[in-house]
$ cat start12.pdb   # PDB, C-alpha atoms and all ligand atoms
ATOM      1  CA  MET A  21       4.293 -20.006  -2.581
ATOM      2  CA  GLY A  22       5.075 -16.920  -0.493
ATOM      3  CA  ARG A  23       4.159 -13.430  -1.536
ATOM      4  CA  THR A  24       6.511 -10.486  -1.459
ATOM      5  CA  LEU A  25       6.126  -7.202   0.359
ATOM      6  CA  VAL A  26       7.108  -4.237  -1.821
ATOM      7  CA  LEU A  27       8.707  -1.173  -0.203
ATOM      8  CA  ASN A  28       9.258   2.161  -1.884
ATOM      9  CA  ARG A  29      12.599   3.932  -1.831
ATOM     10  CA  SER A  30      11.887   5.296   1.671
ATOM     11  CA  PHE A  31      11.279   1.764   3.008
ATOM     12  CA  ARG A  32       7.543   2.301   3.203
ATOM     13  CA  ALA A  33       5.345  -0.691   2.425
ATOM     14  CA  VAL A  34       3.360   0.090  -0.724
ATOM     15  CA  ALA A  35       2.179  -3.180  -2.197
ATOM     16  CA  VAL A  36       2.131  -6.943  -2.126
ATOM     17  CA  ALA A  37       3.370  -8.775  -5.211
ATOM     18  CA  ASP A  38       3.380 -12.387  -6.300
ATOM     19  CA  TRP A  39       6.821 -13.966  -6.551
ATOM     20  CA  GLN A  40       6.959 -13.773 -10.357
ATOM     21  CA  ARG A  41       6.457 -10.035 -10.344
ATOM     22  CA  ALA A  42       8.834  -9.542  -7.403
ATOM     23  CA  LEU A  43      11.673 -11.462  -9.051
ATOM     24  CA  THR A  44      11.011  -9.770 -12.389
ATOM     25  CA  LEU A  45      11.388  -6.331 -10.791
ATOM     26  CA  VAL A  46      14.691  -7.399  -9.237
ATOM     27  CA  TYR A  47      15.844  -8.973 -12.505
ATOM     28  CA  MET A  48      15.038  -5.758 -14.368
ATOM     29  CA  GLY A  49      16.999  -3.714 -11.863
ATOM     30  CA  LEU A  50      13.908  -1.829 -10.738
ATOM     31  CA  ALA A  51      14.030  -3.279  -7.236
ATOM     32  CA  GLU A  52      16.530  -4.884  -4.894
ATOM     33  CA  ALA A  53      15.826  -7.985  -2.838
ATOM     34  CA  LEU A  54      16.200  -7.577   0.938
ATOM     35  CA  ASP A  55      17.154 -10.318   3.368
ATOM     36  CA  GLU A  56      16.055 -10.506   7.017
ATOM     37  CA  GLU A  57      18.586  -7.840   8.030
ATOM     38  CA  LEU A  58      17.360  -5.626   5.163
ATOM     39  CA  THR A  59      20.680  -6.048   3.391
ATOM     40  CA  PRO A  60      20.098  -5.214  -0.292
ATOM     41  CA  TYR A  61      20.962  -7.578  -3.152
ATOM     42  CA  ASP A  62      20.860  -6.984  -6.890
ATOM     43  CA  PHE A  63      19.813  -9.921  -9.062
ATOM     44  CA  THR A  64      23.289 -11.377  -9.520
ATOM     45  CA  ALA A  65      24.072 -11.168  -5.822
ATOM     46  CA  TRP A  66      20.670 -12.706  -5.014
ATOM     47  CA  VAL A  67      21.335 -15.671  -7.313
ATOM     48  CA  GLU A  68      24.658 -16.215  -5.646
ATOM     49  CA  ALA A  69      23.282 -15.898  -2.107
ATOM     50  CA  SER A  70      20.370 -18.211  -2.953
ATOM     51  CA  SER A  71      22.746 -21.046  -3.762
ATOM     52  CA  SER A  72      24.134 -20.935  -0.214
ATOM     53  CA  TRP A  73      20.833 -20.829   1.689
ATOM     54  CA  ALA A  74      19.337 -24.041   2.990
ATOM     55  CA  GLU A  75      15.672 -23.155   3.456
ATOM     56  CA  PRO A  76      14.591 -19.516   2.978
ATOM     57  CA  PRO A  77      11.244 -18.658   4.667
ATOM     58  CA  ALA A  78       9.359 -18.002   1.408
ATOM     59  CA  GLY A  79      10.860 -21.036  -0.359
ATOM     60  CA  PHE A  80      12.712 -21.521  -3.629
ATOM     61  CA  VAL A  81      11.742 -21.369  -7.250
ATOM     62  CA  ARG A  82      13.714 -23.848  -9.304
ATOM     63  CA  SER A  83      14.640 -24.212 -12.885
ATOM     64  CA  PRO A  84      16.960 -26.902 -14.275
ATOM     65  CA  ARG A  85      19.952 -24.586 -13.923
ATOM     66  CA  LEU A  86      18.968 -22.292 -11.104
ATOM     67  CA  ARG A  87      17.649 -22.310  -7.573
ATOM     68  CA  LEU A  88      16.374 -18.931  -6.531
ATOM     69  CA  ALA A  89      15.060 -17.881  -3.115
ATOM     70  CA  VAL A  90      11.763 -16.003  -3.217
ATOM     71  CA  PRO A  91      12.427 -12.661  -1.532
ATOM     72  CA  GLU A  92       9.991 -11.887   1.295
ATOM     73  CA  VAL A  93      10.674  -8.179   0.882
ATOM     74  CA  ILE A  94      11.896  -6.079  -2.036
ATOM     75  CA  ARG A  95      12.575  -2.367  -2.263
ATOM     76  CA  LEU A  96      11.930  -0.297  -5.349
ATOM     77  CA  VAL A  97      15.030   1.618  -6.332
ATOM     78  CA  ARG A  98      13.599   3.440  -9.320
ATOM     79  CA  TYR A  99      10.081   4.086  -8.224
ATOM     80  CA  ASP A 100       9.149   6.232 -11.204
ATOM     81  CA  ARG A 101       9.957   3.617 -13.793
ATOM     82  CA  VAL A 102       7.840   0.840 -12.346
ATOM     83  CA  PRO A 103       4.930   0.033 -14.618
ATOM     84  CA  HIS A 104       1.922   1.636 -13.090
ATOM     85  CA  ARG A 105      -1.086  -0.302 -11.960
ATOM     86  CA  GLU A 106      -4.145   1.880 -11.516
ATOM     87  CA  VAL A 107      -6.000   1.860  -8.222
ATOM     88  CA  ALA A 108      -9.741   1.678  -8.808
ATOM     89  CA  PHE A 109     -11.669   4.608  -7.413
ATOM     90  CA  SER A 110     -14.230   3.108  -5.055
ATOM     91  CA  ARG A 111     -15.789   3.617  -1.664
ATOM     92  CA  HIS A 112     -13.806   0.724  -0.230
ATOM     93  CA  ASN A 113     -10.515   2.090  -1.587
ATOM     94  CA  VAL A 114     -11.126   5.646  -0.365
ATOM     95  CA  PHE A 115     -11.740   4.236   3.141
ATOM     96  CA  ALA A 116      -8.567   2.140   2.825
ATOM     97  CA  ARG A 117      -6.544   5.158   1.632
ATOM     98  CA  ASP A 118      -7.721   7.193   4.634
ATOM     99  CA  GLY A 119      -7.217   4.352   7.118
ATOM    100  CA  HIS A 120     -10.950   4.436   7.963
ATOM    101  CA  ARG A 121     -10.442   7.809   9.609
ATOM    102  CA  CYS A 122     -12.780  10.751   9.200
ATOM    103  CA  ALA A 123     -10.924  13.491   7.306
ATOM    104  CA  TYR A 124     -12.510  16.167   9.519
ATOM    105  CA  CYS A 125     -12.467  14.882  13.102
ATOM    106  CA  GLY A 126      -9.868  12.127  12.683
ATOM    107  CA  ARG A 127     -11.953   9.463  14.390
ATOM    108  CA  ARG A 128     -11.716   5.894  13.172
ATOM    109  CA  ARG A 129     -14.909   4.018  12.363
ATOM    110  CA  PRO A 130     -15.986   0.742  10.749
ATOM    111  CA  SER A 131     -17.067   1.024   7.091
ATOM    112  CA  GLU A 132     -20.784   0.840   7.973
ATOM    113  CA  GLU A 133     -20.483   4.083   9.944
ATOM    114  CA  LEU A 134     -18.610   6.020   7.280
ATOM    115  CA  ASP A 135     -19.634   8.052   4.273
ATOM    116  CA  LEU A 136     -17.828   9.574   1.347
ATOM    117  CA  ASP A 137     -17.703  13.354   1.480
ATOM    118  CA  HIS A 138     -17.066  15.659  -1.452
ATOM    119  CA  VAL A 139     -14.651  18.361  -0.232
ATOM    120  CA  VAL A 140     -16.034  20.757  -2.838
ATOM    121  CA  PRO A 141     -19.698  19.703  -2.824
ATOM    122  CA  LYS A 142     -21.079  18.104  -5.972
ATOM    123  CA  SER A 143     -23.756  20.799  -6.054
ATOM    124  CA  ARG A 144     -20.923  23.304  -6.568
ATOM    125  CA  GLY A 145     -19.261  21.377  -9.308
ATOM    126  CA  GLY A 146     -16.852  19.340  -7.172
ATOM    127  CA  PRO A 147     -15.677  16.263  -9.105
ATOM    128  CA  HIS A 148     -16.190  12.656  -7.962
ATOM    129  CA  GLU A 149     -12.526  11.672  -7.891
ATOM    130  CA  TRP A 150      -9.598  10.922  -5.558
ATOM    131  CA  THR A 151      -8.553  14.540  -4.971
ATOM    132  CA  ASN A 152     -12.046  15.716  -4.001
ATOM    133  CA  VAL A 153     -13.436  12.757  -2.060
ATOM    134  CA  VAL A 154     -12.585  11.873   1.531
ATOM    135  CA  THR A 155     -13.745   9.528   4.266
ATOM    136  CA  SER A 156     -16.170  11.160   6.687
ATOM    137  CA  CYS A 157     -18.101  10.041   9.751
ATOM    138  CA  ARG A 158     -21.873  10.530   9.681
ATOM    139  CA  GLY A 159     -21.774  13.452  12.110
ATOM    140  CA  CYS A 160     -19.159  15.444  10.206
ATOM    141  CA  ASN A 161     -20.836  14.639   6.904
ATOM    142  CA  LEU A 162     -24.149  16.067   8.139
ATOM    143  CA  ARG A 163     -22.513  19.090   9.739
ATOM    144  CA  LYS A 164     -20.524  20.004   6.636
ATOM    145  CA  ALA A 165     -23.506  19.577   4.294
ATOM    146  CA  ASP A 166     -23.184  21.746   1.181
ATOM    147  CA  LYS A 167     -20.377  23.925   2.466
ATOM    148  CA  LEU A 168     -16.685  24.179   1.706
ATOM    149  CA  PRO A 169     -14.367  23.134   4.585
ATOM    150  CA  ASP A 170     -13.538  26.821   5.217
ATOM    151  CA  GLU A 171     -17.151  27.889   5.324
ATOM    152  CA  ALA A 172     -18.039  25.035   7.686
ATOM    153  CA  GLY A 173     -15.014  25.725   9.894
ATOM    154  CA  MET A 174     -13.944  22.127   9.331
ATOM    155  CA  PRO A 175     -10.382  22.025   7.994
ATOM    156  CA  LEU A 176      -9.194  18.785   6.378
ATOM    157  CA  LYS A 177      -6.688  16.744   8.360
ATOM    158  CA  PHE A 178      -4.890  15.783   5.146
ATOM    159  CA  LYS A 179      -4.886  16.638   1.462
ATOM    160  CA  PRO A 180      -6.607  13.879  -0.502
ATOM    161  CA  ALA A 181      -4.583  12.407  -3.360
ATOM    162  CA  LYS A 182      -4.721   9.454  -5.678
ATOM    163  CA  PRO A 183      -2.760   6.509  -4.209
ATOM    164  CA  PRO A 184       0.215   5.641  -6.391
ATOM    165  CA  TRP A 185      -0.080   1.872  -5.997
ATOM    166  CA  THR A 186      -2.422  -0.926  -5.215
ATOM    167  CA  LEU A 187      -3.650  -0.193  -1.737
ATOM    168  CA  LEU A 188      -1.832  -2.180   0.838
ATOM    169  CA  GLY A 189      -4.693  -2.205   3.317
ATOM    170  CA  SER A 190      -7.007  -4.069   1.028
ATOM    171  CA  LEU A 191      -4.387  -6.734   0.263
ATOM    172  CA  ILE A 192      -2.919  -7.440   3.650
ATOM    173  CA  PRO A 193      -4.487 -10.527   5.200
ATOM    174  CA  HIS A 194      -5.931 -10.204   8.703
ATOM    175  CA  PRO A 195      -5.265 -10.859  11.487
ATOM    176  CA  ARG A 196      -1.890  -9.194  11.642
ATOM    177  CA  GLU A 197      -0.477 -12.243  13.454
ATOM    178  CA  SER A 198      -0.822 -14.188  10.213
ATOM    179  CA  LEU A 199       1.668 -11.905   8.425
ATOM    180  CA  PRO A 200       5.175 -13.212   7.778
ATOM    181  CA  GLN A 201       7.520 -12.205  10.606
ATOM    182  CA  SER A 202       9.694 -10.171   8.241
ATOM    183  CA  TRP A 203       6.740  -8.019   7.166
ATOM    184  CA  ARG A 204       5.377  -7.022  10.533
ATOM    185  CA  ARG A 205       7.867  -4.349  11.489
ATOM    186  CA  LEU A 206       7.585  -2.857   7.993
ATOM    187  CA  ILE A 207       3.815  -2.478   7.935
ATOM    188  CA  PRO A 208       2.261   0.257  10.037
ATOM    189  CA  ALA A 209      -0.324  -1.080  12.488
ATOM    190  CA  ASP A 210      -3.172   0.760  10.751
ATOM    191  CA  ALA A 211      -2.350  -0.252   7.179
TER     192      ALA A 211
HETATM  193 ZN    ZN B 301     -15.882  13.100  11.724
END

$ encode --input "start12.pdb" --output "structure tokens" --more "lines below"
Ligand SMILES: [Zn+2]
Amino acid sequence: MGRTLVLNRSFRAVAVADWQRALTLVYMGLAEALDEELTPYDFTAWVEASSSWAEPPAGFVRSPRLRLAVPEVIRLVRYDRVPHREVAFSRHNVFARDGHRCAYCGRRRPSEELDLDHVVPKSRGGPHEWTNVVTSCRGCNLRKADKLPDEAGMPLKFKPAKPPWTLLGSLIPHPRESLPQSWRRLIPADA
């Protein structure tokens, strides 16, 4: 059974959901289902449209009284009210959040060539958490050492924050060519 790409209100891909969760969000009015033209449907309209489709790309779920297309893409309409799923703080997820780019020089590297860097060094009381930990290449990590970015003359390229949702990058199957057609234009190449 197909999985569903979840967009936030600004049409940015934020998660991948199984079909049960996707349809539940639409049923609850927290998300709208999108067809291939990105036309939005609420649950009632989706039920109605489903009955006229022959073979939707992600298939149907059926009950004795209902035949419902599985949406390939949904868009959250009330982002704030969606039940929150915590993103685990880990090396892998920090790299995924930062797109495997060094927060200081911006260069992209494979995981084996990256380190975690504490923006405010641990020796100065900097916490080990999302807002103080960034991806860093070996060179920048050595150069920065026990200094603050200002002191080292190494400004951050972005402000680190906790990701609001399950990280897309760690869920998206590779290669990109294996993604459903309808997802490709909605997922940035470096997700
Ligand atoms: Zn670097």

$ closest_atom_pairs --input "start12.pdb" --of "chain A" --to "ligand ZN 301 (chain B)" --cutoff "8 Å" --atoms "all atoms listed in the file" --output "tab-separated table"
residue	atom	partner	partner_atom	distance
A:Arg121	CA	B:ZN301	ZN	7.9
A:Cys122	CA	B:ZN301	ZN	4.6
A:Ala123	CA	B:ZN301	ZN	6.7
A:Tyr124	CA	B:ZN301	ZN	5.1
A:Cys125	CA	B:ZN301	ZN	4.1
A:Gly126	CA	B:ZN301	ZN	6.2
A:Arg127	CA	B:ZN301	ZN	6.0
A:Ser156	CA	B:ZN301	ZN	5.4
A:Cys157	CA	B:ZN301	ZN	4.3
A:Arg158	CA	B:ZN301	ZN	6.8
A:Gly159	CA	B:ZN301	ZN	5.9
A:Cys160	CA	B:ZN301	ZN	4.3
A:Asn161	CA	B:ZN301	ZN	7.1

$ atom_distance --input "start12.pdb" --atom1 "atom CA of Asn113 of chain A" --atom2 "atom CA of Trp150 of chain A"
9.7 Å

$ resolve_selection --input "start12.pdb" --expression "the PyMOL selection byres (((chain A and resi 71-88) around 9) and not hetatm)" --output "list in words"
Met21, Gly22, Arg23, Thr24, Trp39, Trp66, Val67, Glu68, Ala69, Ser70, Ala89, Val90, Pro91, Glu92 and Pro200 of chain A

$ resolve_selection --input "start12.pdb" --expression "the PyMOL selection byres (((chain A and resi 31) around 12) and not hetatm)" --output "PDB file with C-alpha atoms, in the frame of the given file"
ATOM      1  CA  LEU A  25       6.126  -7.202   0.359  1.00  0.00           C
ATOM      2  CA  VAL A  26       7.108  -4.237  -1.821  1.00  0.00           C
ATOM      3  CA  LEU A  27       8.707  -1.173  -0.203  1.00  0.00           C
ATOM      4  CA  ASN A  28       9.258   2.161  -1.884  1.00  0.00           C
ATOM      5  CA  ARG A  29      12.599   3.932  -1.831  1.00  0.00           C
ATOM      6  CA  SER A  30      11.887   5.296   1.671  1.00  0.00           C
ATOM      7  CA  ARG A  32       7.543   2.301   3.203  1.00  0.00           C
ATOM      8  CA  ALA A  33       5.345  -0.691   2.425  1.00  0.00           C
ATOM      9  CA  VAL A  34       3.360   0.090  -0.724  1.00  0.00           C
ATOM     10  CA  ALA A  35       2.179  -3.180  -2.197  1.00  0.00           C
ATOM     11  CA  ALA A  51      14.030  -3.279  -7.236  1.00  0.00           C
ATOM     12  CA  GLU A  52      16.530  -4.884  -4.894  1.00  0.00           C
ATOM     13  CA  LEU A  54      16.200  -7.577   0.938  1.00  0.00           C
ATOM     14  CA  LEU A  58      17.360  -5.626   5.163  1.00  0.00           C
ATOM     15  CA  PRO A  60      20.098  -5.214  -0.292  1.00  0.00           C
ATOM     16  CA  VAL A  93      10.674  -8.179   0.882  1.00  0.00           C
ATOM     17  CA  ILE A  94      11.896  -6.079  -2.036  1.00  0.00           C
ATOM     18  CA  ARG A  95      12.575  -2.367  -2.263  1.00  0.00           C
ATOM     19  CA  LEU A  96      11.930  -0.297  -5.349  1.00  0.00           C
ATOM     20  CA  VAL A  97      15.030   1.618  -6.332  1.00  0.00           C
ATOM     21  CA  TYR A  99      10.081   4.086  -8.224  1.00  0.00           C
ATOM     22  CA  TRP A 203       6.740  -8.019   7.166  1.00  0.00           C
ATOM     23  CA  ARG A 205       7.867  -4.349  11.489  1.00  0.00           C
ATOM     24  CA  LEU A 206       7.585  -2.857   7.993  1.00  0.00           C
ATOM     25  CA  ILE A 207       3.815  -2.478   7.935  1.00  0.00           C
ATOM     26  CA  PRO A 208       2.261   0.257  10.037  1.00  0.00           C
TER      27      PRO A 208
END

$ atom_distance --input "start12.pdb" --atom1 "atom CA of Ser202 of chain A" --atom2 "atom CA of Asp118 of chain A"
24.9 Å

$ resolve_selection --input "start12.pdb" --expression "the PyMOL selection byres (((chain A and resi 168) around 12) and not hetatm)" --output "JSON, numbers by chain"
{"A": [124, 137, 138, 139, 140, 141, 142, 143, 144, 145, 146, 152, 161, 163, 164, 165, 166, 167, 169, 170, 171, 172, 173, 174, 175, 176]}

$ closest_residue --input "start12.pdb" --among "A:Phe63, A:Arg204, A:Val107, A:Leu162" --to "Ala181 of chain A" --atoms "only C-alpha atoms"
A:Val107

$ atom_distance --input "start12.pdb" --atom1 "atom CA of Arg41 of chain A" --atom2 "atom CA of Tyr61 of chain A"
16.4 Å

$ closest_residue --input "start12.pdb" --among "A:Val154, A:Ala116, A:Leu199, A:Leu50" --to "Lys177 of chain A" --atoms "all atoms listed in the file"
A:Val154

$ residues_near_point --input "start12.pdb" --point "(-16.0, 3.9, 9.2)" --cutoff "8 Å" --atoms "all atoms listed in the file" --output "list in words"
Phe115, His120, Arg121, Cys122, Arg128, Arg129, Pro130, Ser131, Glu132, Glu133, Leu134, Asp135, Thr155, Ser156 and Cys157 of chain A

$ closest_residue --input "start12.pdb" --among "A:His148, A:His112, A:Arg117, A:Arg98" --to "Pro180 of chain A" --atoms "only C-alpha atoms"
A:Arg117
